[in-house]
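**Student:** Just one file: model18.cif, with mmCIF, C-alpha atoms (C1' of nucleotides).
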data_target
loop_
_atom_site.label_atom_id
_atom_site.label_comp_id
_atom_site.auth_asym_id
_atom_site.auth_seq_id
_atom_site.Cartn_x
_atom_site.Cartn_y
_atom_site.Cartn_z
CA MET F 122 13.63 -8.11 25.75
CA THR F 123 14.13 -6.28 22.48
CA ASP F 124 12.35 -7.72 19.49
CA GLY F 125 14.47 -7.57 16.35
CA VAL F 126 14.81 -4.35 14.44
CA ALA F 127 12.40 -2.11 16.26
CA GLU F 128 13.51 -2.07 19.85
CA ARG F 129 10.97 -1.47 22.52
CA SER F 130 12.38 1.91 23.24
CA ARG F 131 10.43 5.12 23.14
CA PRO F 132 8.62 5.80 19.87
CA ARG F 133 10.61 8.93 19.14
CA ASP F 134 13.90 7.04 19.33
CA ARG F 135 12.59 4.20 17.20
CA ILE F 136 11.36 6.65 14.58
CA LEU F 137 14.68 8.48 14.50
CA GLU F 138 16.68 5.27 14.23
CA THR F 139 14.43 3.76 11.58
CA ALA F 140 14.30 6.96 9.55
CA GLN F 141 18.09 7.20 9.52
CA ASP F 142 18.33 3.67 8.24
CA MET F 143 15.64 4.03 5.60
CA PHE F 144 16.79 7.44 4.38
CA HIS F 145 20.27 6.00 4.06
CA LYS F 146 19.16 2.95 2.10
CA HIS F 147 16.41 4.37 -0.07
CA GLY F 148 17.05 8.09 -0.13
CA ILE F 149 14.98 10.84 1.42
CA LYS F 150 12.50 11.21 -1.40
CA GLY F 151 12.33 7.45 -1.75
CA VAL F 152 10.79 6.98 1.67
CA GLY F 153 7.43 8.21 2.89
CA VAL F 154 6.62 8.96 6.49
CA ASP F 155 4.06 6.16 6.50
CA ALA F 156 6.72 3.61 5.61
CA ILE F 157 9.00 4.93 8.35
CA THR F 158 6.39 4.74 11.08
CA GLU F 159 5.28 1.29 10.01
CA ALA F 160 8.87 0.00 10.08
CA ALA F 161 9.35 1.66 13.46
CA GLY F 162 6.29 -0.11 14.81
CA THR F 163 4.27 3.02 15.34
CA ASN F 164 2.05 5.36 13.35
CA LYS F 165 2.03 8.64 11.55
CA MET F 166 0.28 10.63 14.27
CA THR F 167 2.96 9.74 16.78
CA LEU F 168 5.62 10.85 14.34
CA TYR F 169 3.97 14.23 13.92
CA ARG F 170 3.66 14.61 17.68
CA HIS F 171 7.47 14.40 17.94
CA PHE F 172 8.53 16.08 14.69
CA GLU F 173 6.72 19.02 13.25
CA SER F 174 7.35 17.97 9.66
CA LYS F 175 9.26 15.52 7.50
CA ASP F 176 11.85 18.22 6.93
CA GLU F 177 12.51 18.48 10.65
CA LEU F 178 12.80 14.71 10.87
CA ILE F 179 15.36 14.82 8.07
CA ILE F 180 17.39 17.40 9.96
CA GLU F 181 17.29 15.42 13.18
CA CYS F 182 18.42 12.33 11.28
CA LEU F 183 21.37 14.20 9.80
CA ARG F 184 22.37 15.49 13.23
CA ALA F 185 22.11 12.00 14.69
CA THR F 186 24.20 10.51 11.90
CA ALA F 187 26.82 13.21 12.34
CA ALA F 188 26.88 12.53 16.08
CA LYS F 189 27.62 8.86 15.39
CA GLY F 190 30.44 9.96 13.10
CA ALA F 191 31.85 12.19 15.81
CA ALA F 192 31.78 9.23 18.19
CA VAL F 193 34.04 7.33 15.83
CA TRP F 194 36.57 10.14 16.07
CA ASP F 195 36.45 9.83 19.83
CA GLU F 196 37.28 6.14 19.44
CA PHE F 197 40.41 7.09 17.53
CA GLU F 198 41.49 9.26 20.43
CA ALA F 199 40.74 6.45 22.88
CA GLN F 200 42.66 3.87 20.85
CA HIS F 201 45.69 6.07 20.20
CA PRO F 202 45.68 8.60 23.03
CA GLY F 203 47.76 11.59 22.11
CA ASP F 204 49.17 9.97 18.97
CA LYS F 205 47.56 12.12 16.33
CA LEU F 206 49.39 10.54 13.44
CA ALA F 207 48.15 7.10 14.45
CA GLN F 208 44.66 8.55 14.66
CA LEU F 209 44.99 9.87 11.14
CA HIS F 210 45.95 6.44 9.90
CA ALA F 211 43.06 4.96 11.84
CA TRP F 212 40.78 7.37 10.03
CA VAL F 213 42.13 6.15 6.68
CA ARG F 214 41.45 2.53 7.64
CA LYS F 215 38.00 3.44 8.90
CA VAL F 216 37.16 5.12 5.62
CA ALA F 217 38.33 2.05 3.73
CA ASP F 218 36.07 -0.11 5.88
CA MET F 219 33.11 2.11 5.12
CA LEU F 220 33.84 1.99 1.40
CA ALA F 221 33.93 -1.80 1.47
CA SER F 222 30.92 -2.37 3.67
CA ASP F 223 28.48 0.29 2.55
CA SER F 224 27.52 1.25 -0.97
CA ARG F 225 25.21 4.14 -0.26
CA GLY F 226 27.65 6.92 0.48
CA CYS F 227 27.41 9.82 2.90
CA ASP F 228 23.96 10.73 4.17
CA MET F 229 24.76 14.44 4.21
CA ALA F 230 26.10 14.46 0.67
CA ASN F 231 23.19 12.37 -0.53
CA ALA F 232 20.75 14.72 1.17
CA ALA F 233 22.40 17.69 -0.52
CA VAL F 234 21.89 15.96 -3.87
CA GLU F 235 18.26 15.21 -3.19
CA LEU F 236 17.20 18.47 -1.56
CA THR F 237 17.79 20.85 -4.43
CA GLU F 238 15.87 23.86 -3.15
CA THR F 239 18.57 26.35 -2.19
CA ASP F 240 16.60 27.53 0.84
CA HIS F 241 15.75 24.09 2.16
CA PRO F 242 16.23 24.15 5.95
CA ALA F 243 18.38 21.02 5.83
CA ARG F 244 20.96 22.66 3.59
CA ARG F 245 22.45 24.97 6.20
CA VAL F 246 22.58 22.06 8.65
CA ILE F 247 24.41 19.96 6.07
CA LYS F 248 26.88 22.79 5.50
CA GLU F 249 27.48 23.23 9.23
CA LEU F 250 28.04 19.52 9.81
CA LYS F 251 30.33 19.14 6.82
CA GLN F 252 32.39 22.13 7.87
CA ALA F 253 32.69 20.67 11.36
CA GLN F 254 33.91 17.40 9.84
CA ARG F 255 36.46 19.26 7.78
CA ASP F 256 37.61 21.34 10.74
CA ARG F 257 38.18 18.22 12.78
CA LEU F 258 40.27 16.66 10.01
CA VAL F 259 42.29 19.86 9.67
CA ALA F 260 42.93 19.90 13.42
CA LEU F 261 44.01 16.27 13.34
CA CYS F 262 46.46 16.93 10.52
CA ARG F 263 47.81 20.01 12.23
CA ASP F 264 48.19 18.27 15.58
CA ALA F 265 49.96 15.44 13.78
CA GLY F 266 52.64 17.97 12.98
CA ILE F 267 51.93 18.35 9.29
CA GLY F 268 52.81 21.67 7.78
CA GLN F 269 50.17 22.32 5.20
CA ALA F 270 47.44 20.82 7.35
CA GLU F 271 44.58 22.59 5.60
CA LEU F 272 45.67 21.47 2.16
CA LEU F 273 46.19 17.88 3.24
CA ALA F 274 42.85 17.80 5.04
CA ASP F 275 41.06 19.26 2.05
CA THR F 276 42.72 16.79 -0.29
CA LEU F 277 41.83 13.87 1.93
CA SER F 278 38.30 15.24 2.21
CA LEU F 279 37.85 15.31 -1.53
CA LEU F 280 39.33 11.84 -1.95
CA PHE F 281 37.00 10.57 0.76
CA GLU F 282 33.95 12.28 -0.65
CA GLY F 283 34.82 11.16 -4.16
CA ALA F 284 35.34 7.58 -3.09
CA ARG F 285 31.96 7.43 -1.43
CA VAL F 286 30.32 8.71 -4.59
CA SER F 287 32.37 6.44 -6.82
CA VAL F 288 31.21 3.40 -4.88
CA GLN F 289 27.66 4.36 -5.74
CA THR F 290 28.31 4.73 -9.46
CA VAL F 291 30.84 2.03 -10.35
CA GLY F 292 31.04 -0.04 -7.18
CA SER F 293 33.79 -0.76 -4.69
CA GLU F 294 36.09 -2.25 -7.34
CA GLY F 295 36.42 1.09 -9.11
CA PRO F 296 38.80 3.96 -8.34
CA SER F 297 37.78 3.92 -4.68
CA ALA F 298 39.62 0.59 -4.28
CA GLN F 299 42.87 2.59 -4.32
CA PHE F 300 41.80 4.96 -1.57
CA VAL F 301 44.14 3.65 1.12
CA ARG F 302 47.14 3.76 -1.17
CA MET F 303 46.31 7.29 -2.29
CA ALA F 304 45.72 8.57 1.23
CA GLU F 305 48.80 6.96 2.71
CA SER F 306 51.15 8.22 0.04
CA LEU F 307 49.60 11.68 0.34
CA ILE F 308 50.16 11.74 4.09
CA ALA F 309 53.72 10.51 3.58
CA SER F 310 54.50 13.18 1.02
CA PHE F 311 53.06 15.95 3.20
CA ARG F 312 55.06 14.71 6.15
CA ALA F 313 58.22 14.78 4.06
CA ARG F 314 57.84 18.47 3.23
CA MET Y 897 12.74 32.42 -35.07
CA THR Y 898 13.49 30.57 -31.86
CA ASP Y 899 11.51 31.75 -28.88
CA GLY Y 900 13.63 31.76 -25.75
CA VAL Y 901 14.46 28.55 -23.98
CA ALA Y 902 12.40 26.09 -25.95
CA GLU Y 903 13.68 26.22 -29.48
CA ARG Y 904 11.34 25.41 -32.31
CA SER Y 905 13.03 22.12 -32.98
CA ARG Y 906 11.33 18.78 -32.99
CA PRO Y 907 9.42 17.94 -29.81
CA ARG Y 908 11.60 14.96 -28.97
CA ASP Y 909 14.73 17.10 -29.01
CA ARG Y 910 13.10 19.81 -26.95
CA ILE Y 911 11.95 17.28 -24.37
CA LEU Y 912 15.39 15.72 -24.14
CA GLU Y 913 17.11 19.08 -23.78
CA THR Y 914 14.62 20.40 -21.25
CA ALA Y 915 14.65 17.20 -19.24
CA GLN Y 916 18.44 17.26 -19.02
CA ASP Y 917 18.33 20.81 -17.73
CA MET Y 918 15.55 20.23 -15.22
CA PHE Y 919 16.90 16.93 -13.94
CA HIS Y 920 20.23 18.63 -13.44
CA LYS Y 921 18.79 21.58 -11.55
CA HIS Y 922 16.05 19.96 -9.51
CA GLY Y 923 16.98 16.29 -9.42
CA ILE Y 924 15.23 13.38 -11.04
CA LYS Y 925 12.65 12.81 -8.35
CA GLY Y 926 12.16 16.54 -8.03
CA VAL Y 927 10.76 16.91 -11.53
CA GLY Y 928 7.58 15.43 -12.93
CA VAL Y 929 7.03 14.61 -16.56
CA ASP Y 930 4.26 17.19 -16.71
CA ALA Y 931 6.66 19.94 -15.68
CA ILE Y 932 9.16 18.83 -18.31
CA THR Y 933 6.69 18.82 -21.16
CA GLU Y 934 5.26 22.17 -20.15
CA ALA Y 935 8.73 23.73 -20.04
CA ALA Y 936 9.51 22.12 -23.38
CA GLY Y 937 6.40 23.65 -24.88
CA THR Y 938 4.67 20.37 -25.53
CA ASN Y 939 2.55 17.87 -23.65
CA LYS Y 940 2.66 14.58 -21.82
CA MET Y 941 1.20 12.45 -24.62
CA THR Y 942 3.93 13.55 -26.98
CA LEU Y 943 6.55 12.66 -24.40
CA TYR Y 944 5.14 9.18 -24.03
CA ARG Y 945 5.05 8.75 -27.81
CA HIS Y 946 8.83 9.27 -27.90
CA PHE Y 947 9.87 7.67 -24.60
CA GLU Y 948 8.23 4.60 -23.25
CA SER Y 949 8.61 5.69 -19.63
CA LYS Y 950 10.21 8.28 -17.39
CA ASP Y 951 12.97 5.79 -16.68
CA GLU Y 952 13.82 5.57 -20.37
CA LEU Y 953 13.83 9.35 -20.58
CA ILE Y 954 16.24 9.45 -17.66
CA ILE Y 955 18.56 7.02 -19.43
CA GLU Y 956 18.46 9.00 -22.65
CA CYS Y 957 19.26 12.17 -20.72
CA LEU Y 958 22.27 10.54 -19.08
CA ARG Y 959 23.54 9.33 -22.45
CA ALA Y 960 23.07 12.78 -23.93
CA THR Y 961 24.89 14.44 -21.04
CA ALA Y 962 27.74 11.96 -21.34
CA ALA Y 963 27.94 12.65 -25.07
CA LYS Y 964 28.34 16.36 -24.34
CA GLY Y 965 31.11 15.49 -21.92
CA ALA Y 966 32.83 13.40 -24.55
CA ALA Y 967 32.64 16.33 -26.94
CA VAL Y 968 34.62 18.42 -24.46
CA TRP Y 969 37.39 15.83 -24.58
CA ASP Y 970 37.41 16.13 -28.34
CA GLU Y 971 37.91 19.88 -27.92
CA PHE Y 972 41.01 19.21 -25.84
CA GLU Y 973 42.39 17.12 -28.68
CA ALA Y 974 41.53 19.84 -31.17
CA GLN Y 975 43.13 22.57 -29.05
CA HIS Y 976 46.29 20.64 -28.26
CA PRO Y 977 46.64 18.10 -31.06
CA GLY Y 978 48.93 15.29 -30.02
CA ASP Y 979 50.03 17.05 -26.84
CA LYS Y 980 48.47 14.75 -24.28
CA LEU Y 981 50.02 16.49 -21.30
CA ALA Y 982 48.55 19.82 -22.38
CA GLN Y 983 45.21 18.08 -22.76
CA LEU Y 984 45.47 16.79 -19.23
CA HIS Y 985 46.09 20.30 -17.96
CA ALA Y 986 43.18 21.53 -20.05
CA TRP Y 987 41.03 18.92 -18.33
CA VAL Y 988 42.10 20.27 -14.93
CA ARG Y 989 41.17 23.80 -15.93
CA LYS Y 990 37.86 22.63 -17.36
CA VAL Y 991 37.01 20.87 -14.12
CA ALA Y 992 37.84 24.03 -12.18
CA ASP Y 993 35.51 26.00 -14.45
CA MET Y 994 32.72 23.53 -13.82
CA LEU Y 995 33.24 23.71 -10.08
CA ALA Y 996 33.04 27.49 -10.16
CA SER Y 997 30.09 27.83 -12.50
CA ASP Y 998 27.83 24.98 -11.50
CA SER Y 999 26.77 23.94 -8.04
CA ARG Y 1000 24.75 20.87 -8.85
CA GLY Y 1001 27.44 18.30 -9.49
CA CYS Y 1002 27.58 15.39 -11.89
CA ASP Y 1003 24.28 14.19 -13.34
CA MET Y 1004 25.37 10.57 -13.33
CA ALA Y 1005 26.52 10.65 -9.72
CA ASN Y 1006 23.39 12.49 -8.68
CA ALA Y 1007 21.24 9.95 -10.50
CA ALA Y 1008 23.03 7.13 -8.71
CA VAL Y 1009 22.23 8.82 -5.41
CA GLU Y 1010 18.58 9.27 -6.27
CA LEU Y 1011 17.87 5.94 -7.94
CA THR Y 1012 18.49 3.62 -5.04
CA GLU Y 1013 16.91 0.47 -6.40
CA THR Y 1014 19.84 -1.79 -7.21
CA ASP Y 1015 18.13 -3.13 -10.33
CA HIS Y 1016 17.07 0.23 -11.71
CA PRO Y 1017 17.75 0.22 -15.47
CA ALA Y 1018 19.63 3.49 -15.25
CA ARG Y 1019 22.21 2.08 -12.87
CA ARG Y 1020 24.00 -0.11 -15.39
CA VAL Y 1021 24.04 2.80 -17.83
CA ILE Y 1022 25.57 5.03 -15.17
CA LYS Y 1023 28.21 2.41 -14.47
CA GLU Y 1024 29.04 2.03 -18.17
CA LEU Y 1025 29.33 5.77 -18.73
CA LYS Y 1026 31.43 6.34 -15.61
CA GLN Y 1027 33.77 3.52 -16.56
CA ALA Y 1028 34.14 5.01 -20.03
CA GLN Y 1029 35.00 8.37 -18.47
CA ARG Y 1030 37.59 6.72 -16.27
CA ASP Y 1031 39.05 4.74 -19.18
CA ARG Y 1032 39.47 7.90 -21.18
CA LEU Y 1033 41.27 9.63 -18.33
CA VAL Y 1034 43.53 6.60 -17.88
CA ALA Y 1035 44.37 6.62 -21.58
CA LEU Y 1036 45.13 10.32 -21.46
CA CYS Y 1037 47.48 9.87 -18.52
CA ARG Y 1038 49.18 6.91 -20.14
CA ASP Y 1039 49.57 8.68 -23.48
CA ALA Y 1040 50.99 11.65 -21.61
CA GLY Y 1041 53.83 9.37 -20.65
CA ILE Y 1042 52.98 8.94 -17.03
CA GLY Y 1043 54.08 5.69 -15.44
CA GLN Y 1044 51.36 4.80 -13.01
CA ALA Y 1045 48.63 6.07 -15.29
CA GLU Y 1046 45.83 4.07 -13.68
CA LEU Y 1047 46.65 5.28 -10.20
CA LEU Y 1048 46.92 8.90 -11.26
CA ALA Y 1049 43.68 8.71 -13.23
CA ASP Y 1050 41.86 7.09 -10.32
CA THR Y 1051 43.20 9.68 -7.91
CA LEU Y 1052 42.19 12.53 -10.19
CA SER Y 1053 38.80 10.87 -10.64
CA LEU Y 1054 38.18 10.75 -6.92
CA LEU Y 1055 39.34 14.34 -6.44
CA PHE Y 1056 37.04 15.42 -9.25
CA GLU Y 1057 34.07 13.47 -8.00
CA GLY Y 1058 34.68 14.64 -4.46
CA ALA Y 1059 34.97 18.25 -5.51
CA ARG Y 1060 31.66 18.14 -7.34
CA VAL Y 1061 29.98 16.70 -4.26
CA SER Y 1062 31.71 19.14 -1.93
CA VAL Y 1063 30.41 22.07 -3.94
CA GLN Y 1064 26.92 20.83 -3.26
CA THR Y 1065 27.39 20.51 0.48
CA VAL Y 1066 29.65 23.40 1.52
CA GLY Y 1067 29.84 25.48 -1.63
CA SER Y 1068 32.64 26.43 -3.99
CA GLU Y 1069 34.67 28.10 -1.23
CA GLY Y 1070 35.21 24.78 0.55
CA PRO Y 1071 37.85 22.12 -0.10
CA SER Y 1072 37.01 22.10 -3.80
CA ALA Y 1073 38.58 25.56 -4.12
CA GLN Y 1074 41.98 23.84 -3.90
CA PHE Y 1075 41.25 21.40 -6.70
CA VAL Y 1076 43.61 22.88 -9.27
CA ARG Y 1077 46.49 23.04 -6.83
CA MET Y 1078 45.90 19.44 -5.76
CA ALA Y 1079 45.59 18.13 -9.29
CA GLU Y 1080 48.60 19.99 -10.63
CA SER Y 1081 50.91 18.91 -7.84
CA LEU Y 1082 49.68 15.35 -8.21
CA ILE Y 1083 50.42 15.35 -11.92
CA ALA Y 1084 53.84 16.87 -11.26
CA SER Y 1085 54.72 14.27 -8.65
CA PHE Y 1086 53.62 11.40 -10.88
CA ARG Y 1087 55.65 12.80 -13.74
CA ALA Y 1088 58.70 12.98 -11.51
CA ARG Y 1089 58.59 9.29 -10.71
"C1'" DG A 687 -7.23 19.75 -52.34
"C1'" DC A 688 -6.66 15.49 -50.04
"C1'" DT A 689 -4.60 12.36 -46.97
"C1'" DG A 690 -1.90 10.47 -43.31
"C1'" DG A 691 0.87 10.90 -39.60
"C1'" DA A 692 2.70 13.79 -35.97
"C1'" DA A 693 1.38 16.73 -32.41
"C1'" DG A 694 -1.94 18.96 -29.15
"C1'" DT A 695 -5.97 18.68 -25.82
"C1'" DT A 696 -8.80 17.08 -22.24
"C1'" DA A 697 -9.96 13.94 -19.06
"C1'" DC A 698 -9.06 10.33 -16.30
"C1'" DA A 699 -7.22 6.13 -13.62
"C1'" DG A 700 -4.78 4.52 -9.71
"C1'" DA A 701 -1.34 5.18 -6.62
"C1'" DC A 702 1.24 7.73 -3.32
"C1'" DC A 703 2.47 11.87 -0.78
"C1'" DG A 704 2.62 15.03 3.65
"C1'" DG A 705 -0.24 16.36 7.11
"C1'" DT A 706 -4.56 16.63 10.24
"C1'" DA A 707 -8.94 15.52 12.98
"C1'" DA A 708 -11.43 12.84 16.11
"C1'" DC A 709 -11.58 9.38 19.06
"C1'" DA A 710 -10.29 5.08 21.76
"C1'" DC A 711 -6.91 3.06 24.55
"C1'" DC A 712 -3.44 2.09 28.05
"C1'" DC A 713 -0.38 2.84 31.69
"C1'" DT A 714 1.66 5.25 35.16
"C1'" DA A 715 1.71 8.85 38.93
"C1'" DG A 716 -0.83 10.58 42.43
"C1'" DC I 649 -9.34 4.49 42.03
"C1'" DT I 650 -8.69 8.21 39.21
"C1'" DA I 651 -6.81 11.59 36.23
"C1'" DG I 652 -4.07 12.67 32.42
"C1'" DG I 653 -0.59 12.30 29.07
"C1'" DG I 654 1.43 9.40 25.63
"C1'" DT I 655 0.08 6.31 22.19
"C1'" DG I 656 -2.72 3.79 18.68
"C1'" DT I 657 -6.48 3.71 15.10
"C1'" DT I 658 -9.19 5.16 11.38
"C1'" DA I 659 -10.52 8.21 8.20
"C1'" DC I 660 -9.80 11.92 5.61
"C1'" DC I 661 -7.91 16.30 2.90
"C1'" DG I 662 -5.77 18.26 -1.00
"C1'" DG I 663 -2.15 17.65 -3.84
"C1'" DT I 664 1.15 15.23 -6.95
"C1'" DC I 665 2.82 11.45 -9.47
"C1'" DT I 666 3.25 8.16 -13.81
"C1'" DG I 667 0.83 6.61 -17.47
"C1'" DT I 668 -3.33 6.06 -20.72
"C1'" DA I 669 -7.62 6.87 -23.68
"C1'" DA I 670 -10.14 9.30 -26.95
"C1'" DC I 671 -10.43 12.88 -29.65
"C1'" DT I 672 -9.06 17.11 -32.34
"C1'" DT I 673 -5.89 19.95 -34.89
"C1'" DC I 674 -2.20 20.91 -37.75
"C1'" DC I 675 0.89 20.45 -41.58
"C1'" DA I 676 3.77 18.46 -45.11
"C1'" DG I 677 3.87 15.49 -49.30
"C1'" DC I 678 1.45 14.00 -53.04
#
Represent the structure from my file as structure tokens, please.

**Tutor:**
Amino acid sequence: MTDGVAERSRPRDRILETAQDMFHKHGIKGVGVDAITEAAGTNKMTLYRHFESKDELIIECLRATAAKGAAVWDEFEAQHPGDKLAQLHAWVRKVADMLASDSRGCDMANAAVELTETDHPARRVIKELKQAQRDRLVALCRDAGIGQAELLADTLSLLFEGARVSVQTVGSEGPSAQFVRMAESLIASFRAR
Amino acid sequence: MTDGVAERSRPRDRILETAQDMFHKHGIKGVGVDAITEAAGTNKMTLYRHFESKDELIIECLRATAAKGAAVWDEFEAQHPGDKLAQLHAWVRKVADMLASDSRGCDMANAAVELTETDHPARRVIKELKQAQRDRLVALCRDAGIGQAELLADTLSLLFEGARVSVQTVGSEGPSAQFVRMAESLIASFRAR
DNA sequence: GCTGGAAGTTACAGACCGGTAACACCCTAG
DNA sequence: CTAGGGTGTTACCGGTCTGTAACTTCCAGC
């Protein structure tokens, strides 16, 4: 039987899960490794047996978060098999849900804000993952039969990214409240070209 | 004669200027008060004689940065007196300049990412300043004779915010490179309605 | 020249940080 | 039963952080 937050899974998994959650809520520099291990029901030595440094843990967390995001895209395909336009609209709704239910924005973007050293090992990972996200959105737009797929995907990307930041600064009643309307009318106008 | 970075102005002004610069480059949690005072050519005691805490210094820095931003808007008015549409286009160009010349994004947004405590004193200041920014953009759009001024301003706000974040994650060659094209075609389509 | 306030200096308190060493424990595979 | 690897525990290192105390130095206004 699992007991509450920290499942009785293997320590490494608990650490990774807990670290993702705490980094998301309190920021990377706002959480120490001691706090993570305590919340994960383990200890610092065990963490350092599985991750060679906090930086590596950060990277693994970002990869795990991105993998969860990729899984959501797979759900779109499962729910609307072959219907790329429906998948695009599902993405818009999903984004709106995230904006309404979470006020801490994108972990990768937040990490990029916090980790200012240009040669920080996490930065290239962030760039890779964000480019993969963008590529997937471009492919979706293209496969939905939209002409200027790159431009639409980039525009939607910026709206998305901006909305997640805006929620953090002025809350979900600010400009981000109009995200669905903006995205839908954008998609419509690109389809009309 | 001023010697390099730290002008021979009054210590409080030097601290404020230096702190703005260092917070912007290295993040709030990435800079200690000792480092600020040293770079400002003064010392920690003097800082704490002028600011009651680091948090208050942060707030003053945000206000100062916002004031500089407001001054840019005044330049638009000076360069295109009465021509609100030209001022809107000047804003678009200015944003593009910022995206190309600075890779560290908006200080207020970055602060919101770093200061995760919901009751942090800086958070309400960030919200106030961001709302003021938004209000000014709405007014500009409305005075430019655009019908759905709020919606256009909110859309431009999200594009802007998203572009500044995107520069931090994937660089200035990513989606943010299309900002001008997106903004201009948006303005055109709103004007056509 | 004197005085008073602003600024500089040194030292320190107390907390937290990432990371490591040494050792005890437990549980499973053989 | 035993061996060994994964895990837990405690203590510690060296460094950094915000913030303060006590004292000295400087400089402008009178």

**Student:** Find the residues near A:DA707: any atom within 12 Å, counting all atoms listed in the file, skip ones fewer than 3 places away on the same chain, and give them as a list in words.

**Tutor:**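 Contacts, with the query itself left out: Met166 of chain F; DT658, DA659, DC660 and DC661 of chain I.
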
**Student:** Given the choices I:DC649, I:DA670, I:DC678, I:DG656, which gets closest to chain F if the distance is worked out from only C-alpha atoms (C1' of nucleotides)?

**Tutor:**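 Smallest distance to chain F is found for I:DG656.
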
**Student:** With chain F as the partner and 10 Å as the cut-off, tabulate the residues of chain A that qualify, each row holding the nearest pair of atoms and their distance in Å to one decimal, using all atoms listed in the file, sorted by chain and rising number, as a Markdown table.

**Tutor:**
| residue | atom | partner | partner_atom | distance |
| --- | --- | --- | --- | --- |
| A:DC702 | C1' | F:Gly153 | CA | 8.8 |
| A:DC703 | C1' | F:Gly153 | CA | 7.2 |
| A:DG704 | C1' | F:Lys175 | CA | 7.7 |
| A:DG705 | C1' | F:Ser174 | CA | 8.2 |
| A:DT706 | C1' | F:Met166 | CA | 8.7 |

**Student:** Find the residues of chain Y that sit at most 8 Å from chain F; for each, write down the nearest two atoms and how far apart they are in Å, to one decimal. Count only C-alpha atoms. Sort by chain, then by number going up, and give it as a tab-separated table.

**Tutor:**
residue	atom	partner	partner_atom	distance
Y:Lys921	CA	F:Thr237	CA	7.2
Y:His922	CA	F:Thr237	CA	5.4
Y:Gly923	CA	F:Glu235	CA	6.5
Y:Lys925	CA	F:Lys150	CA	7.1
Y:Gly926	CA	F:Glu235	CA	7.9
Y:Arg1000	CA	F:Val234	CA	7.6
Y:Met1004	CA	F:Thr290	CA	7.6
Y:Ala1005	CA	F:Thr290	CA	6.2
Y:Asn1006	CA	F:Val234	CA	6.1
Y:Ala1008	CA	F:Thr290	CA	5.8
Y:Val1009	CA	F:Asn231	CA	6.1
Y:Glu1010	CA	F:Gly148	CA	6.4
Y:Thr1012	CA	F:His147	CA	5.4
Y:Glu1013	CA	F:His147	CA	7.5
Y:Arg1019	CA	F:Thr290	CA	7.5
Y:Ile1022	CA	F:Thr290	CA	6.3
Y:Lys1023	CA	F:Val291	CA	4.9
Y:Lys1026	CA	F:Val291	CA	6.8
Y:Gln1027	CA	F:Val291	CA	7.0
Y:Leu1047	CA	F:Gln299	CA	7.5
Y:Asp1050	CA	F:Pro296	CA	4.8
Y:Thr1051	CA	F:Met303	CA	6.9
Y:Ser1053	CA	F:Pro296	CA	7.3
Y:Leu1054	CA	F:Gly283	CA	4.4
Y:Leu1055	CA	F:Leu280	CA	5.1
Y:Phe1056	CA	F:Gly283	CA	7.0
Y:Glu1057	CA	F:Gly283	CA	4.5
Y:Gly1058	CA	F:Gly283	CA	3.5
Y:Ala1059	CA	F:Leu279	CA	5.7
Y:Val1061	CA	F:Ala230	CA	6.7
Y:Ser1062	CA	F:Leu279	CA	7.2
Y:Gln1064	CA	F:Ala233	CA	6.1
Y:Thr1065	CA	F:Lys248	CA	5.5
Y:Val1066	CA	F:Lys248	CA	4.9
Y:Pro1071	CA	F:Asp275	CA	4.8
Y:Ser1072	CA	F:Leu279	CA	7.2
Y:Gln1074	CA	F:Leu272	CA	7.5
Y:Met1078	CA	F:Thr276	CA	6.9

**Student:** For the structure provided, state which residues fall under the PyMOL selection byres ((chain F) within 12 of (chain I)), and present them as a ChimeraX atom specification.

**Tutor:** /F:131-133,158,162-168,170-171

**Student:** Please expand the PyMOL selection byres ((chain Y and resi 1035) around 12) into the concrete residues it hits in this file, giving the result as JSON, numbers by chain.

**Tutor:** {"Y": [969, 980, 981, 983, 984, 1028, 1029, 1030, 1031, 1032, 1033, 1034, 1036, 1037, 1038, 1039, 1040, 1041, 1042, 1043, 1044, 1045, 1046, 1047, 1048, 1049, 1050]}

**Student:** Between atom CA of F:Ala243 and atom CA of F:Ala191, what distance in Å does the model show, to one decimal?

**Tutor:**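 These atoms are spaced 18.9 Å apart.
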
**Student:** Could you tell me which residues the PyMOL selection byres ((chain F and resi 139) around 9) grabs in this file, written as a PyMOL selection string?

**Tutor:** chain F and resi 126-127+134-138+140-144+157-158+160-161

**Student:** Rounded to one decimal in Å, what is the spacing between atom CA of Y:Ser999 and atom CA of F:Lys189?

**Tutor:** 27.9 Å

**Student:** Rounded to one decimal in Å, what is the spacing between atom CA of F:Gly203 and atom CA of F:Arg184?

**Tutor:**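 These two atoms are separated by 27.2 Å.
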